[in-house]
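Engineer: Contents are PDB, C-alpha atoms; file name work06.pdb:
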```pdb
ATOM      1  CA  MET I   1      52.767  15.485 -39.466
ATOM      2  CA  LYS I   2      50.873  16.060 -42.653
ATOM      3  CA  LEU I   3      47.217  15.393 -42.610
ATOM      4  CA  ASP I   4      45.970  12.244 -44.289
ATOM      5  CA  PRO I   5      44.153  13.444 -47.441
ATOM      6  CA  ALA I   6      41.265  11.110 -46.660
ATOM      7  CA  ILE I   7      40.833  12.761 -43.275
ATOM      8  CA  ARG I   8      41.149  16.180 -44.844
ATOM      9  CA  ASP I   9      38.404  15.303 -47.323
ATOM     10  CA  GLN I  10      36.169  14.081 -44.514
ATOM     11  CA  VAL I  11      36.653  17.421 -42.820
ATOM     12  CA  LEU I  12      35.917  19.368 -46.000
ATOM     13  CA  SER I  13      32.826  17.347 -46.777
ATOM     14  CA  THR I  14      31.431  18.141 -43.344
ATOM     15  CA  VAL I  15      31.908  21.893 -43.732
ATOM     16  CA  PRO I  16      28.634  22.702 -45.550
ATOM     17  CA  SER I  17      26.542  21.052 -42.866
ATOM     18  CA  LEU I  18      28.745  22.455 -40.128
ATOM     19  CA  ARG I  19      28.130  25.954 -41.483
ATOM     20  CA  ALA I  20      24.391  25.443 -41.566
ATOM     21  CA  PHE I  21      24.496  24.321 -37.938
ATOM     22  CA  ALA I  22      26.738  27.253 -36.991
ATOM     23  CA  ILE I  23      24.317  29.700 -38.572
ATOM     24  CA  SER I  24      21.503  28.147 -36.618
ATOM     25  CA  LEU I  25      23.477  28.688 -33.411
ATOM     26  CA  CYS I  26      24.795  32.176 -34.132
ATOM     27  CA  GLY I  27      21.975  33.563 -36.172
ATOM     28  CA  HIS I  28      24.538  35.434 -38.154
ATOM     29  CA  VAL I  29      26.363  34.247 -41.248
ATOM     30  CA  ASP I  30      29.631  36.123 -40.700
ATOM     31  CA  ARG I  31      29.930  35.076 -37.090
ATOM     32  CA  ALA I  32      29.031  31.527 -38.063
ATOM     33  CA  ASP I  33      31.860  31.443 -40.571
ATOM     34  CA  ASP I  34      34.271  32.676 -37.897
ATOM     35  CA  LEU I  35      33.023  29.930 -35.634
ATOM     36  CA  VAL I  36      33.512  27.325 -38.358
ATOM     37  CA  GLN I  37      37.059  28.553 -38.925
ATOM     38  CA  GLU I  38      37.862  28.416 -35.233
ATOM     39  CA  THR I  39      36.391  24.935 -35.110
ATOM     40  CA  LEU I  40      38.553  23.747 -37.970
ATOM     41  CA  LEU I  41      41.694  25.283 -36.471
ATOM     42  CA  ARG I  42      40.940  23.555 -33.192
ATOM     43  CA  ALA I  43      40.062  20.266 -34.861
ATOM     44  CA  LEU I  44      43.131  20.108 -37.074
ATOM     45  CA  ALA I  45      45.402  21.043 -34.173
ATOM     46  CA  HIS I  46      43.975  18.073 -32.291
ATOM     47  CA  ILE I  47      43.450  15.727 -35.186
ATOM     48  CA  ASP I  48      45.357  13.047 -33.279
ATOM     49  CA  SER I  49      42.430  12.761 -30.915
ATOM     50  CA  PHE I  50      40.150  11.847 -33.795
ATOM     51  CA  GLN I  51      39.954   8.114 -34.278
ATOM     52  CA  PRO I  52      39.845   7.244 -37.981
ATOM     53  CA  GLY I  53      36.717   5.341 -38.817
ATOM     54  CA  THR I  54      34.642   7.103 -36.220
ATOM     55  CA  ASN I  55      32.103   9.790 -36.855
ATOM     56  CA  MET I  56      33.844  12.854 -38.275
ATOM     57  CA  PRO I  57      30.730  15.014 -38.545
ATOM     58  CA  ALA I  58      29.773  14.303 -34.932
ATOM     59  CA  TRP I  59      33.315  15.085 -33.807
ATOM     60  CA  LEU I  60      33.386  18.427 -35.621
ATOM     61  CA  PHE I  61      29.886  19.375 -34.524
ATOM     62  CA  THR I  62      30.853  18.666 -30.918
ATOM     63  CA  ILE I  63      33.890  20.915 -31.148
ATOM     64  CA  LEU I  64      31.890  23.669 -32.785
ATOM     65  CA  ARG I  65      29.138  23.505 -30.237
ATOM     66  CA  ASN I  66      31.583  23.550 -27.335
ATOM     67  CA  LEU I  67      33.375  26.559 -28.800
ATOM     68  CA  PHE I  68      30.093  28.326 -29.249
ATOM     69  CA  ARG I  69      29.025  27.579 -25.703
ATOM     70  CA  SER I  70      32.299  28.582 -24.101
ATOM     71  CA  GLU I  71      33.175  31.645 -26.122
ATOM     72  CA  TYR I  72      30.154  32.989 -27.829
ATOM     73  CA  ARG I  73      27.749  32.560 -24.963
ATOM     74  CA  LYS I  74      29.836  34.996 -22.967
ATOM     75  CA  ARG I  75      28.578  37.698 -25.221
ATOM     76  CA  ARG I  76      25.169  37.044 -23.929
ATOM     77  CA  ARG I  77      23.432  40.157 -25.024
ATOM     78  CA  GLU I  78      24.829  39.945 -28.511
ATOM     79  CA  VAL I  79      23.842  36.350 -28.830
ATOM     80  CA  GLU I  80      20.329  37.029 -27.670
ATOM     81  CA  ASP I  81      20.164  39.811 -30.159
ATOM     82  CA  ALA I  82      21.388  37.410 -32.796
ATOM     83  CA  GLU I  83      18.722  34.913 -31.892
ATOM     84  CA  GLY I  84      16.148  37.611 -32.349
ATOM     85  CA  ARG I  85      17.508  38.359 -35.772
ATOM     86  CA  TYR I  86      17.846  34.759 -36.766
ATOM     87  CA  ALA I  87      14.911  34.897 -39.109
ATOM     88  CA  GLU I  88      16.189  37.942 -40.936
ATOM     89  CA  THR I  89      19.774  36.956 -41.402
ATOM     90  CA  LEU I  90      19.337  33.669 -43.162
ATOM     91  CA  LYS I  91      19.305  33.793 -46.863
ATOM     92  CA  SER I  92      16.004  33.674 -48.573
ATOM     93  CA  HIS I  93      14.800  30.470 -49.998
ATOM     94  CA  PRO I  94      14.238  29.632 -53.658
ATOM     95  CA  GLU I  95      10.823  30.099 -55.071
ATOM     96  CA  GLN I  96       9.432  26.625 -54.696
ATOM     97  CA  THR I  97       8.462  27.335 -51.145
ATOM     98  CA  GLY I  98       5.847  30.004 -50.591
ATOM     99  CA  ARG I  99       7.696  33.051 -49.354
ATOM    100  CA  VAL I 100       5.209  34.069 -46.711
ATOM    101  CA  GLU I 101       4.924  30.594 -45.314
ATOM    102  CA  PHE I 102       8.682  30.246 -45.242
ATOM    103  CA  ASN I 103       9.310  33.511 -43.474
ATOM    104  CA  GLU I 104       6.732  32.556 -40.897
ATOM    105  CA  PHE I 105       8.583  29.336 -40.355
ATOM    106  CA  ARG I 106      11.901  31.089 -39.846
ATOM    107  CA  GLY I 107      10.296  33.500 -37.441
ATOM    108  CA  ALA I 108       8.812  30.654 -35.446
ATOM    109  CA  LEU I 109      12.121  28.809 -35.381
ATOM    110  CA  SER I 110      13.850  31.898 -33.999
ATOM    111  CA  LYS I 111      11.418  31.952 -31.083
ATOM    112  CA  LEU I 112      12.385  28.507 -29.837
ATOM    113  CA  PRO I 113      14.646  28.240 -26.807
ATOM    114  CA  SER I 114      18.150  27.688 -28.129
ATOM    115  CA  ASP I 115      18.529  24.212 -26.629
ATOM    116  CA  GLN I 116      15.341  23.076 -28.334
ATOM    117  CA  ARG I 117      16.260  24.627 -31.669
ATOM    118  CA  GLU I 118      19.686  23.055 -31.509
ATOM    119  CA  ALA I 119      18.269  19.598 -30.808
ATOM    120  CA  LEU I 120      15.648  19.918 -33.520
ATOM    121  CA  ILE I 121      18.213  20.981 -36.110
ATOM    122  CA  LEU I 122      20.704  18.259 -35.237
ATOM    123  CA  VAL I 123      18.077  15.544 -35.531
ATOM    124  CA  GLY I 124      15.670  17.015 -38.048
ATOM    125  CA  ALA I 125      18.055  18.745 -40.441
ATOM    126  CA  SER I 126      21.650  17.634 -39.876
ATOM    127  CA  GLY I 127      20.547  14.020 -39.909
ATOM    128  CA  PHE I 128      22.109  12.848 -36.673
ATOM    129  CA  SER I 129      20.574  10.068 -34.661
ATOM    130  CA  TYR I 130      19.263  10.866 -31.202
ATOM    131  CA  GLU I 131      22.298   9.137 -29.773
ATOM    132  CA  GLU I 132      24.681  11.207 -31.869
ATOM    133  CA  ALA I 133      22.849  14.417 -31.027
ATOM    134  CA  ALA I 134      23.007  13.544 -27.331
ATOM    135  CA  ALA I 135      26.746  12.972 -27.585
ATOM    136  CA  ILE I 136      27.216  16.292 -29.394
ATOM    137  CA  CYS I 137      25.210  18.173 -26.785
ATOM    138  CA  GLY I 138      26.643  16.273 -23.847
ATOM    139  CA  CYS I 139      23.279  15.223 -22.501
ATOM    140  CA  ALA I 140      21.095  12.153 -22.213
ATOM    141  CA  VAL I 141      19.301  10.698 -25.202
ATOM    142  CA  GLY I 142      16.004  11.219 -23.412
ATOM    143  CA  THR I 143      16.786  14.895 -22.994
ATOM    144  CA  ILE I 144      17.335  15.270 -26.729
ATOM    145  CA  LYS I 145      14.095  13.455 -27.493
ATOM    146  CA  SER I 146      12.227  15.667 -25.098
ATOM    147  CA  ARG I 147      13.732  18.840 -26.542
ATOM    148  CA  VAL I 148      12.942  17.771 -30.078
ATOM    149  CA  ASN I 149       9.371  16.965 -29.176
ATOM    150  CA  ARG I 150       8.890  20.240 -27.355
ATOM    151  CA  ALA I 151      10.426  22.101 -30.273
ATOM    152  CA  ARG I 152       8.028  20.475 -32.727
ATOM    153  CA  THR I 153       5.027  21.102 -30.545
ATOM    154  CA  ARG I 154       6.011  24.705 -30.017
ATOM    155  CA  LEU I 155       6.611  25.248 -33.728
ATOM    156  CA  ALA I 156       3.203  23.848 -34.559
ATOM    157  CA  ASP I 157       1.676  26.195 -31.971
ATOM    158  CA  LEU I 158       3.579  29.209 -33.219
ATOM    159  CA  LEU I 159       2.585  28.476 -36.770
ATOM    160  CA  SER I 160      -1.009  27.882 -35.690
ATOM    161  CA  ILE I 161      -1.135  24.763 -37.738
ATOM    162  CA  ASP I 162      -4.321  23.536 -36.216
ATOM    163  CA  SER I 163      -5.892  23.815 -39.614
ATOM    164  CA  ILE I 164      -4.262  21.859 -42.367
ATOM    165  CA  ASP I 165      -5.542  24.550 -44.735
ATOM    166  CA  ASP I 166      -2.642  26.655 -43.619
ATOM    167  CA  PHE I 167      -0.343  24.290 -45.346
ATOM    168  CA  GLY I 168      -1.447  24.439 -48.897
ATOM    169  CA  PRO I 169      -3.747  22.758 -51.274
ATOM    170  CA  ASP I 170      -3.200  19.078 -50.790
ATOM    171  CA  ARG I 171      -6.804  18.128 -51.081
ATOM    172  CA  ALA I 172      -6.444  14.425 -50.809
ATOM    173  CA  THR I 173      -4.523  14.769 -47.601
ATOM    174  CA  ARG I 174      -6.995  17.232 -46.216
ATOM    175  CA  ALA I 175      -9.867  14.985 -47.088
ATOM    176  CA  VAL I 176      -8.292  12.137 -45.228
ATOM    177  CA  LEU I 177      -7.453  14.293 -42.260
ATOM    178  CA  THR I 178     -10.932  15.648 -41.882
ATOM    179  CA  GLY I 179     -12.551  12.330 -42.576
ATOM    180  CA  THR I 180     -14.421  13.698 -45.586
ATOM    181  CA  GLY I 181     -12.545  11.487 -47.962
ATOM    182  CA  ARG I 182     -14.600   8.551 -46.823
ATOM    183  CA  THR I 183     -18.198   8.087 -47.829
TER     184      THR I 183
ATOM    185  CA  MET R   1      26.088  10.982 -40.930
ATOM    186  CA  LYS R   2      27.091  12.234 -44.303
ATOM    187  CA  PRO R   3      25.711  15.030 -46.383
ATOM    188  CA  GLY R   4      23.029  13.554 -48.535
ATOM    189  CA  LYS R   5      22.097  10.795 -46.191
ATOM    190  CA  PRO R   6      18.380  10.725 -45.560
ATOM    191  CA  VAL R   7      17.614  12.443 -42.322
ATOM    192  CA  ASN R   8      15.835  10.822 -39.492
ATOM    193  CA  VAL R   9      12.129  10.788 -39.676
ATOM    194  CA  GLU R  10       9.670  11.396 -36.952
ATOM    195  CA  PRO R  11      10.497   9.773 -33.672
ATOM    196  CA  SER R  12       7.338  10.406 -31.809
ATOM    197  CA  ALA R  13       4.188   8.399 -31.552
ATOM    198  CA  PRO R  14       4.313   5.409 -33.807
ATOM    199  CA  VAL R  15       1.374   5.956 -36.069
ATOM    200  CA  ALA R  16      -0.869   3.229 -37.297
ATOM    201  CA  ASP R  17      -1.402   2.650 -40.984
ATOM    202  CA  ALA R  18      -4.198   4.667 -42.425
ATOM    203  CA  PRO R  19      -6.806   1.880 -42.715
ATOM    204  CA  GLN R  20      -6.607   1.244 -38.988
ATOM    205  CA  ALA R  21      -7.748   4.770 -38.242
ATOM    206  CA  TRP R  22     -11.397   3.811 -38.566
ATOM    207  CA  ASP R  23     -13.328   1.821 -36.077
ATOM    208  CA  ASN R  24     -15.101  -1.395 -36.927
ATOM    209  CA  MET R  25     -18.174   0.548 -38.002
ATOM    210  CA  GLY R  26     -16.191   2.378 -40.618
ATOM    211  CA  ARG R  27     -16.138   5.634 -38.706
ATOM    212  CA  PRO R  28     -12.979   7.609 -38.344
ATOM    213  CA  THR R  29     -11.794   7.477 -34.800
ATOM    214  CA  GLN R  30     -11.054  10.784 -33.198
ATOM    215  CA  ARG R  31      -7.871   9.733 -31.538
ATOM    216  CA  LYS R  32      -6.259   8.341 -34.639
ATOM    217  CA  SER R  33      -7.200  11.284 -36.795
ATOM    218  CA  GLU R  34      -5.647  13.586 -34.229
ATOM    219  CA  VAL R  35      -2.507  11.551 -34.375
ATOM    220  CA  ARG R  36      -2.492  11.780 -38.139
ATOM    221  CA  LEU R  37      -3.030  15.512 -38.090
ATOM    222  CA  GLY R  38      -0.041  15.804 -35.815
ATOM    223  CA  ARG R  39       1.956  13.616 -38.081
ATOM    224  CA  GLU R  40       1.122  15.644 -41.152
ATOM    225  CA  VAL R  41       2.015  18.873 -39.392
ATOM    226  CA  GLN R  42       5.280  17.398 -38.203
ATOM    227  CA  ALA R  43       6.128  16.224 -41.686
ATOM    228  CA  ARG R  44       5.623  19.754 -42.981
ATOM    229  CA  ILE R  45       7.725  21.224 -40.215
ATOM    230  CA  GLY R  46      10.437  18.726 -41.061
ATOM    231  CA  GLN R  47      10.335  19.694 -44.731
ATOM    232  CA  GLN R  48      10.669  23.387 -43.992
ATOM    233  CA  LEU R  49      13.433  22.825 -41.508
ATOM    234  CA  ARG R  50      15.437  20.808 -44.001
ATOM    235  CA  ALA R  51      14.787  23.325 -46.780
ATOM    236  CA  LEU R  52      16.137  26.105 -44.601
ATOM    237  CA  TYR R  53      19.187  24.092 -43.626
ATOM    238  CA  ASP R  54      19.861  22.782 -47.103
ATOM    239  CA  ASP R  55      19.922  26.293 -48.486
ATOM    240  CA  VAL R  56      23.138  26.795 -46.571
ATOM    241  CA  VAL R  57      24.463  23.310 -47.287
ATOM    242  CA  LYS R  58      24.039  23.933 -51.009
ATOM    243  CA  GLU R  59      26.451  26.829 -50.782
ATOM    244  CA  GLY R  60      29.177  24.246 -50.334
ATOM    245  CA  VAL R  61      32.541  25.112 -48.857
ATOM    246  CA  PRO R  62      33.456  28.811 -48.937
ATOM    247  CA  ARG R  63      36.768  29.453 -50.628
ATOM    248  CA  ASN R  64      38.462  30.889 -47.550
ATOM    249  CA  ILE R  65      37.545  27.821 -45.529
ATOM    250  CA  SER R  66      38.747  25.316 -48.115
ATOM    251  CA  ASP R  67      41.987  27.305 -48.417
ATOM    252  CA  LEU R  68      42.384  27.238 -44.653
ATOM    253  CA  VAL R  69      41.877  23.486 -44.431
ATOM    254  CA  ARG R  70      44.259  22.792 -47.288
ATOM    255  CA  ARG R  71      46.895  25.058 -45.856
ATOM    256  CA  LEU R  72      46.657  23.533 -42.389
ATOM    257  CA  SER R  73      46.679  20.028 -43.741
ATOM    258  CA  GLU R  74      50.000  20.663 -45.490
ATOM    259  CA  GLN R  75      51.702  22.018 -42.402
ATOM    260  CA  GLU R  76      54.074  19.899 -40.412
ATOM    261  CA  ASP R  77      52.488  21.214 -37.262
ATOM    262  CA  PRO R  78      48.987  22.564 -37.708
ATOM    263  CA  THR R  79      49.278  24.556 -34.502
ATOM    264  CA  ALA R  80      52.287  26.469 -35.797
TER     265      ALA R  80
END
```
Turn the structure described in the file into structure tokens.

Structural biologist:
Amino acid sequence: MKLDPAIRDQVLSTVPSLRAFAISLCGHVDRADDLVQETLLRALAHIDSFQPGTNMPAWLFTILRNLFRSEYRKRRREVEDAEGRYAETLKSHPEQTGRVEFNEFRGALSKLPSDQREALILVGASGFSYEEAAAICGCAVGTIKSRVNRARTRLADLLSIDSIDDFGPDRATRAVLTGTGRT
Amino acid sequence: MKPGKPVNVEPSAPVADAPQAWDNMGRPTQRKSEVRLGREVQARIGQQLRALYDDVVKEGVPRNISDLVRRLSEQEDPTA
């Protein structure tokens, strides 16, 4: 059975986001690309179980996450090592973001427990709804919400963002936040 | 979800509009300003998270992966 080109294109259009998620899980670009390839092999071998019209990205993300959990988590020490190196292995960001600030952010992200980081990325970066993220992770919607909230709180703590000054020169915002914008 | 679709915004505490953050004497209320500080911080965290993620997304589909998908999609039996 040849693959419907429309389905194939749905798969291809999900790959960039799937890779970004894989890197966030593996902490390592090469291993992430292997994981994406394994995911696609698995997905295309079982394409009959995908119902056209349903959520292709969620389907692929679920497969990738399950593969990661079942295979890659076995190499526990390596994975933990990878999590520690997460901040270093991602490519640097273009200049519009302050480099120091951005590296701090990546460092903080790498310190999150993996279940919290995963939930935060699915909802906050991949653009899935809480319901979709819960389906991908095989847990309750409330669990995802809780993980996302804990991840955000922890990130704010790690980044010591108790002073808005840390976040750049948006004076108007700062004035409002400190109440000094009102006379 | 599709690439390019706006991502979900903050789920947590529904935050009142700015003018409601002062009490009826025109003073900023502590609770609301705390909420807004949290909201601002969360917005920044969200921006950085998406920037980090989108750096990878912008790389598109690596050649070896697009070749793999095209090859598999032409096979009679993708498992072969």

Engineer: Translate the PyMOL selection byres ((chain I and resi 46) around 12), as applied to the file shown, into an explicit residue set as a PyMOL selection string.

Structural biologist: (chain I and resi 1+3+39-45+47-51+59-60+63) or (chain R and resi 72-73+77-79)

Engineer: Those same residues, written as an mmCIF file, in the coordinates of the input with C-alpha atoms?

Structural biologist:
```cif
data_model
loop_
_atom_site.group_PDB
_atom_site.id
_atom_site.type_symbol
_atom_site.label_atom_id
_atom_site.label_comp_id
_atom_site.auth_asym_id
_atom_site.auth_seq_id
_atom_site.Cartn_x
_atom_site.Cartn_y
_atom_site.Cartn_z
ATOM 1 C CA MET I 1 52.767 15.485 -39.466
ATOM 2 C CA LEU I 3 47.217 15.393 -42.610
ATOM 3 C CA THR I 39 36.391 24.935 -35.110
ATOM 4 C CA LEU I 40 38.553 23.747 -37.970
ATOM 5 C CA LEU I 41 41.694 25.283 -36.471
ATOM 6 C CA ARG I 42 40.940 23.555 -33.192
ATOM 7 C CA ALA I 43 40.062 20.266 -34.861
ATOM 8 C CA LEU I 44 43.131 20.108 -37.074
ATOM 9 C CA ALA I 45 45.402 21.043 -34.173
ATOM 10 C CA ILE I 47 43.450 15.727 -35.186
ATOM 11 C CA ASP I 48 45.357 13.047 -33.279
ATOM 12 C CA SER I 49 42.430 12.761 -30.915
ATOM 13 C CA PHE I 50 40.150 11.847 -33.795
ATOM 14 C CA GLN I 51 39.954 8.114 -34.278
ATOM 15 C CA TRP I 59 33.315 15.085 -33.807
ATOM 16 C CA LEU I 60 33.386 18.427 -35.621
ATOM 17 C CA ILE I 63 33.890 20.915 -31.148
ATOM 18 C CA LEU R 72 46.657 23.533 -42.389
ATOM 19 C CA SER R 73 46.679 20.028 -43.741
ATOM 20 C CA ASP R 77 52.488 21.214 -37.262
ATOM 21 C CA PRO R 78 48.987 22.564 -37.708
ATOM 22 C CA THR R 79 49.278 24.556 -34.502
#
```

Engineer: Step by step, work through what the PyMOL selection byres ((chain I and resi 156) around 10) selects in the shown file, and finish by giving those residues as a VMD selection string.

Structural biologist: (chain I and resid 105 108 150 to 155 157 to 162) or (chain R and resid 38 41 to 42 44 to 45)

Engineer: As a check of understanding, name the residues that the PyMOL selection byres ((chain I and resi 30-33) around 12) selects in the supplied structure, as a VMD selection string.

Structural biologist: (chain I and resid 15 to 29 34 to 40 64 to 65 67 to 68 71 to 72 78 to 79 82 86 89 to 90) or (chain R and resid 56 61 to 66)

Engineer: Which one of I:Lys2, I:Arg147, I:Lys111, I:Arg117 sits closest to chain R if you count all atoms listed in the file?

Structural biologist: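 Closest residue, counting all atoms listed in the file: I:Lys2.
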
Engineer: Would you compute the distance between atom CA of I:Ser146 and atom CA of I:Phe61? Give it in Å to one decimal.

Structural biologist: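 The value is 20.4 Å.
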
Engineer: Quote the spacing between atom CA of I:Asp115 and atom CA of I:Leu12 in Å to one decimal place.

Structural biologist: 26.5 Å

Engineer: Give, as AutoDock Vina command-line options, the centre coordinates and the x, y and z edge lengths in Å to one decimal for an axis-aligned box around all listed atoms of stretch 26-40 of chain I, padded by 3 Å on each side.

Structural biologist:
```
--center_x 30.3 --center_y 29.9 --center_z -37.7 --size_x 22.6 --size_y 18.4 --size_z 13.1
```

Engineer: Taking all atoms listed in the file into account, which of I:Asn149, I:Thr143, I:Ser70, I:Thr54 comes nearest chain R?

Structural biologist: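 So, comparing all the options, the nearest one is I:Asn149.
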
Engineer: Would you work out the distance separating atom CA of I:Arg69 from atom CA of I:Ser129, expressed in Å to one decimal?

Structural biologist: 21.4 Å

Engineer: Tell me which of I:Ala119, I:Val11, I:Ala140, I:Ala134 sits closest to chain R, counting all atoms listed in the file.

Structural biologist: I:Val11

Engineer: Name the closest residue to chain R among the candidates I:Gly107, I:Gly127, I:Pro52, I:Gly138; distances are taken between atoms, counting only C-alpha atoms.

Structural biologist: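 Once distances to chain R are computed over only C-alpha atoms, the minimum belongs to I:Gly127.
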
Engineer: Give me the residues within 8 Å of stretch 8-10 of chain I as a compact mmCIF listing (two decimals) with C-alpha atoms, in the coordinates of the input, counting all atoms listed in the file and dropping any in the same chain fewer than 2 places off.

Structural biologist:
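Produced file selection_20.txt, reproduced below:
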```txt
# COMPACT_ATOMS: atom_id res chain seq x y z
CA LEU I 3 47.22 15.39 -42.61
CA ASP I 4 45.97 12.24 -44.29
CA PRO I 5 44.15 13.44 -47.44
CA ALA I 6 41.26 11.11 -46.66
CA LEU I 12 35.92 19.37 -46.00
CA SER I 13 32.83 17.35 -46.78
CA THR I 14 31.43 18.14 -43.34
CA MET I 56 33.84 12.85 -38.28
CA VAL R 69 41.88 23.49 -44.43
CA ARG R 70 44.26 22.79 -47.29
CA SER R 73 46.68 20.03 -43.74
```

Engineer: I:Ile121, I:Ser114, I:Asn66, I:Cys139: which is nearest chain R, counting only C-alpha atoms?

Structural biologist: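 Nearest to chain R: I:Ile121.
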